[in-house]
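In what follows, a single structure is set out as structure tokens and then discussed.
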There are 2 protein chains.
Amino acid sequence: MPDEIDLRRTFAIFNEIGILGQLSRALFEARLPTGVLVPHFSLVNHLIRVRDGQTPLTLARAFQVPKTTMTHTISVAVKHGWVELRPNPKDGRSKQVWLTEAGRAFRERAIADLMPDLADVSATLDGAAQEALLEQLTALRQFLDTRRDPENGSDG
Amino acid sequence: MPDEIDLRRTFAIFNEIGILGQLSRALFEARLPTGVLVPHFSLVNHLIRVRDGQTPLTLARAFQVPKTTMTHTISVAVKHGWVELRPNPKDGRSKQVWLTEAGRAFRERAIADLMPDLADVSATLDGAAQEALLEQLTALRQFLDTRRDPENGSDG
DNA sequence: TGAAAATAGTGCGACATCGTACTAATTGGT
DNA sequence: ACCAATTAGTACGATGTCGCACTATTTTCA
């Protein structure tokens with residue numbers, strides 16, 4: 001049974017997460033080409049790290065955004081020539097998102113440009129502290145994920 | 001000197017922070033009145049927790065957003081009758097943001113509506129773990145804050 | 001003290017996010 | 001096999017975010 005102090009602390013944690021999200025987003029976007037935002041990079045990065053050929057809806061779920069948002073993000077990546085949309089041979093309603101060579105090159109370059117900043121941050125926390133932080137964040141995220149699941153929010 | 005593994009881990013930390021920011025934002029906004037977003041609540045909450053009568057620019061800095069964004073957020077709060085804009089007697093260019101009774105009432109109600117969710121999350125992590133997490137997040141945030149300072153980004 | 005530089009706030013335009021409503025295709029129950 | 005319900009994707013509109021440029025005011029300093 002959490003008391004008042006616990007709740008304040010929990011609130012403070014989410015407050016810090018919100019601010020950190022904003023700061024890190026700004027930091028990343030300062031290293032990306034003008035007009036390219038984190039979601040655009042994240043899409044290409046995800047397709048490389050997991051696999052390409054996924055459907056827009058699968059991607060929307062992976063990023064926890066509404067499917068309309070993913071439609072828009074994909075369209076931007078298509079305009080840049082980083083991905084291609086093809087029909088899904090398994091389902092006529094659906095599509096597949098495939099990487100292009102330009103998409104892979106863009107991701108390589110973006111990662112390289114981000115490295116110095118990552119190294120800076122990495123140098124301020126020792127490996128064990130980072131490992132602990134990552135574990136706790138992952139646990140918290142997974143809790144929110146499963147908690148959100150039954151509610152089936154975010155549109156589709 | 002951070003190696004490849006360290007950088008991947010640092011990247012993963014920011015990735016989790018980004019997703020957590022998105023999830024917690026969605027969770028909070030589901031409890032706020034329709035159309036009311038986290039920034040609107042945060043503004044009123046900040047004015048109560050710190051003090052009201054601050055200038056828009058001070059608030060923009062506190063939230064790490066451009067001043068144009070703060071102008072917009074304040075205008076929404078004014079429309080709702082939660083805050084009032086008055087001229088700053090110390091500086092003719094500037095203004096002050098003051099809470100109204102409606103603003104205080106809105107904040108009370110919003111906090112009460114958020115409590116069950118906070119309690120849920122709080123119950124999944126013991127106090128010591130939360131304290132540790134909060135400390136690490138705060139340290140990371142402060143590092144990004146000071147790192148960002150000299151660059152003087154975000155417009156104004 | 002007077003002119004240049006700096007600062008606070010805002011209008012505007014470009015783009016991102018997301019809920020609603022729609023079309024096309026698939027699935028499920030009879 | 002058929003029709004209802006479900007599902008994938010998108011167009012559209014409302015709102016949020018933010019860079020640029022502008023006005024009004026204050027500060028600086030020669």
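Following the order of the structure tokens, chains are lettered A, B, ..., residues in each are numbered from 1, and ligands are numbered from 1.
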#### Entry: Neighbours of chain A in chain C at 7 Å, counting only C-alpha atoms (C1' of nucleotides), as a ChimeraX atom specification
/C:17-18,24-25
### Task
Show me which bits of chain B are within 8 Å of chain A, counting only C-alpha atoms, as a PyMOL selection string.
chain B and resi 1-2+6-7+9-14+16-25+63-64+115+118-119+121-123+127+130-131+133-134+136-138+140-141+143-145
Please produce a file of the residues just selected, as a short mmCIF file (atom, residue, chain, number, x, y, z; two decimals), in the first residue's frame, where the atoms kept are C-alpha atoms.
data_model
loop_
_atom_site.label_atom_id
_atom_site.label_comp_id
_atom_site.auth_asym_id
_atom_site.auth_seq_id
_atom_site.Cartn_x
_atom_site.Cartn_y
_atom_site.Cartn_z
CA MET B 1 36.63 5.36 -23.07
CA PRO B 2 33.26 3.75 -23.83
CA ASP B 6 28.55 0.81 -23.81
CA LEU B 7 27.23 2.89 -26.66
CA ARG B 9 23.48 0.31 -23.95
CA THR B 10 23.35 4.09 -23.78
CA PHE B 11 21.34 4.10 -26.98
CA ALA B 12 18.98 1.52 -25.49
CA ILE B 13 18.50 3.69 -22.40
CA PHE B 14 17.38 6.65 -24.48
CA GLU B 16 13.40 3.20 -23.37
CA ILE B 17 13.09 6.75 -22.12
CA GLY B 18 11.46 7.78 -25.38
CA ILE B 19 8.95 4.94 -25.28
CA LEU B 20 8.25 5.51 -21.58
CA GLY B 21 7.62 9.17 -22.24
CA GLN B 22 5.08 8.24 -24.87
CA LEU B 23 3.37 5.61 -22.75
CA SER B 24 3.16 7.69 -19.60
CA ARG B 25 1.90 10.66 -21.54
CA PHE B 63 9.97 23.09 -19.32
CA GLN B 64 12.74 23.17 -21.91
CA MET B 115 -3.71 8.75 -8.04
CA LEU B 118 0.32 6.23 -9.73
CA ALA B 119 -0.51 3.79 -6.96
CA VAL B 121 2.90 1.77 -10.73
CA SER B 122 4.22 2.55 -7.27
CA ALA B 123 3.14 -0.87 -6.07
CA GLY B 127 10.66 2.23 -2.38
CA GLN B 130 12.19 3.88 -6.96
CA GLU B 131 14.55 6.09 -5.03
CA LEU B 133 15.72 5.11 -10.29
CA LEU B 134 14.74 8.69 -9.51
CA GLN B 136 19.74 8.15 -11.75
CA LEU B 137 17.18 9.83 -13.92
CA THR B 138 17.74 13.14 -12.18
CA LEU B 140 21.09 12.05 -16.31
CA ARG B 141 18.66 14.93 -16.79
CA PHE B 143 23.84 16.27 -17.23
CA LEU B 144 21.83 16.90 -20.38
CA ASP B 145 20.63 20.22 -18.97
#
### Message
Considering only alpha helix (DSSP H) as DSSP defines it on the backbone, what residues of range 6-103 of chain B qualify? List them as a VMD selection string.
### Response
chain B and resid 6 to 31 38 to 49 56 to 63 67 to 80 101 to 103
### Task
Write down as a ChimeraX atom specification the residues belonging to chain B that are assigned strand (DSSP E or B) by DSSP computed on the backbone.
/B:54,83-87,95-99
Keeping N, CA and C atoms, export the residues of the selection given above as a PDB file, in the first residue's frame.
ATOM      1  N   GLN B  54       5.335  33.849 -12.350  1.00  0.00           N
ATOM      2  CA  GLN B  54       6.524  33.754 -13.190  1.00  0.00           C
ATOM      3  C   GLN B  54       6.226  34.276 -14.597  1.00  0.00           C
ATOM      4  N   VAL B  83      -5.409  30.207 -15.591  1.00  0.00           N
ATOM      5  CA  VAL B  83      -4.393  31.213 -15.256  1.00  0.00           C
ATOM      6  C   VAL B  83      -4.800  32.556 -15.846  1.00  0.00           C
ATOM      7  N   GLU B  84      -4.156  33.613 -15.337  1.00  0.00           N
ATOM      8  CA  GLU B  84      -4.354  34.957 -15.877  1.00  0.00           C
ATOM      9  C   GLU B  84      -3.009  35.531 -16.282  1.00  0.00           C
ATOM     10  N   LEU B  85      -2.980  36.276 -17.373  1.00  0.00           N
ATOM     11  CA  LEU B  85      -1.767  36.970 -17.800  1.00  0.00           C
ATOM     12  C   LEU B  85      -1.882  38.426 -17.354  1.00  0.00           C
ATOM     13  N   ARG B  86      -0.869  38.886 -16.606  1.00  0.00           N
ATOM     14  CA  ARG B  86      -0.866  40.296 -16.213  1.00  0.00           C
ATOM     15  C   ARG B  86       0.459  40.914 -16.638  1.00  0.00           C
ATOM     16  N   PRO B  87       0.481  42.226 -16.834  1.00  0.00           N
ATOM     17  CA  PRO B  87       1.760  42.877 -17.169  1.00  0.00           C
ATOM     18  C   PRO B  87       2.739  42.724 -16.020  1.00  0.00           C
ATOM     19  N   LYS B  95       5.488  39.698 -19.027  1.00  0.00           N
ATOM     20  CA  LYS B  95       4.203  39.449 -18.387  1.00  0.00           C
ATOM     21  C   LYS B  95       4.404  38.518 -17.208  1.00  0.00           C
ATOM     22  N   GLN B  96       3.326  38.306 -16.479  1.00  0.00           N
ATOM     23  CA  GLN B  96       3.353  37.354 -15.376  1.00  0.00           C
ATOM     24  C   GLN B  96       2.166  36.417 -15.521  1.00  0.00           C
ATOM     25  N   VAL B  97       2.364  35.165 -15.136  1.00  0.00           N
ATOM     26  CA  VAL B  97       1.294  34.169 -15.210  1.00  0.00           C
ATOM     27  C   VAL B  97       0.815  33.861 -13.804  1.00  0.00           C
ATOM     28  N   TRP B  98      -0.434  34.176 -13.518  1.00  0.00           N
ATOM     29  CA  TRP B  98      -1.000  33.973 -12.181  1.00  0.00           C
ATOM     30  C   TRP B  98      -2.112  32.939 -12.212  1.00  0.00           C
ATOM     31  N   LEU B  99      -2.145  32.110 -11.179  1.00  0.00           N
ATOM     32  CA  LEU B  99      -3.187  31.093 -11.049  1.00  0.00           C
ATOM     33  C   LEU B  99      -4.522  31.721 -10.691  1.00  0.00           C
TER      34      LEU B  99
END
### Task
Tell me which of A:Leu43, A:Ala105, A:Leu57, A:Ala128 sits closest to chain D, counting only C-alpha atoms (C1' of nucleotides).
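Selected residue with least distance to chain D: A:Leu57.
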### Query
What are the residues of chain D that have an atom within 10 Å of an atom of chain A, counting only C-alpha atoms (C1' of nucleotides), as number ranges by chain?
D: 7-10
Generate the output file for the selected residues, C-alpha atoms (C1' of nucleotides), as a PDB file, in the first residue's frame.
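Result file follows (selection.pdb):
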ATOM      1  C1'  DT D   7      -9.414  -5.552 -39.870  1.00  0.00           C
ATOM      2  C1'  DA D   8      -5.675  -2.654 -42.718  1.00  0.00           C
ATOM      3  C1'  DG D   9      -4.863   1.462 -44.450  1.00  0.00           C
ATOM      4  C1'  DT D  10      -5.846   6.356 -45.500  1.00  0.00           C
TER       5       DT D  10
END
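The coordinates place CA of Thr34 in chain A at 22.2 Å from CA of Ile48 in chain A.
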### Task
Using CA of Val44 in chain A and CA of Arg31 in chain A as the two end points, give the distance in Å to one decimal.
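One can read the CA of Val44 in chain A to CA of Arg31 in chain A distance as 15.9 Å.
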Per-residue nearest contacts of chain D to range 1-9 of chain C (12 Å; only C-alpha atoms (C1' of nucleotides)) as CSV:
residue,atom,partner,partner_atom,distance
D:DC22,C1',C:DG9,C1',10.6
D:DT23,C1',C:DG9,C1',9.2
D:DA24,C1',C:DA8,C1',8.8
D:DT25,C1',C:DA8,C1',8.3
D:DT26,C1',C:DT7,C1',7.5
D:DT27,C1',C:DA6,C1',7.1
D:DT28,C1',C:DA5,C1',7.5
D:DC29,C1',C:DA4,C1',9.3
D:DA30,C1',C:DA3,C1',9.7
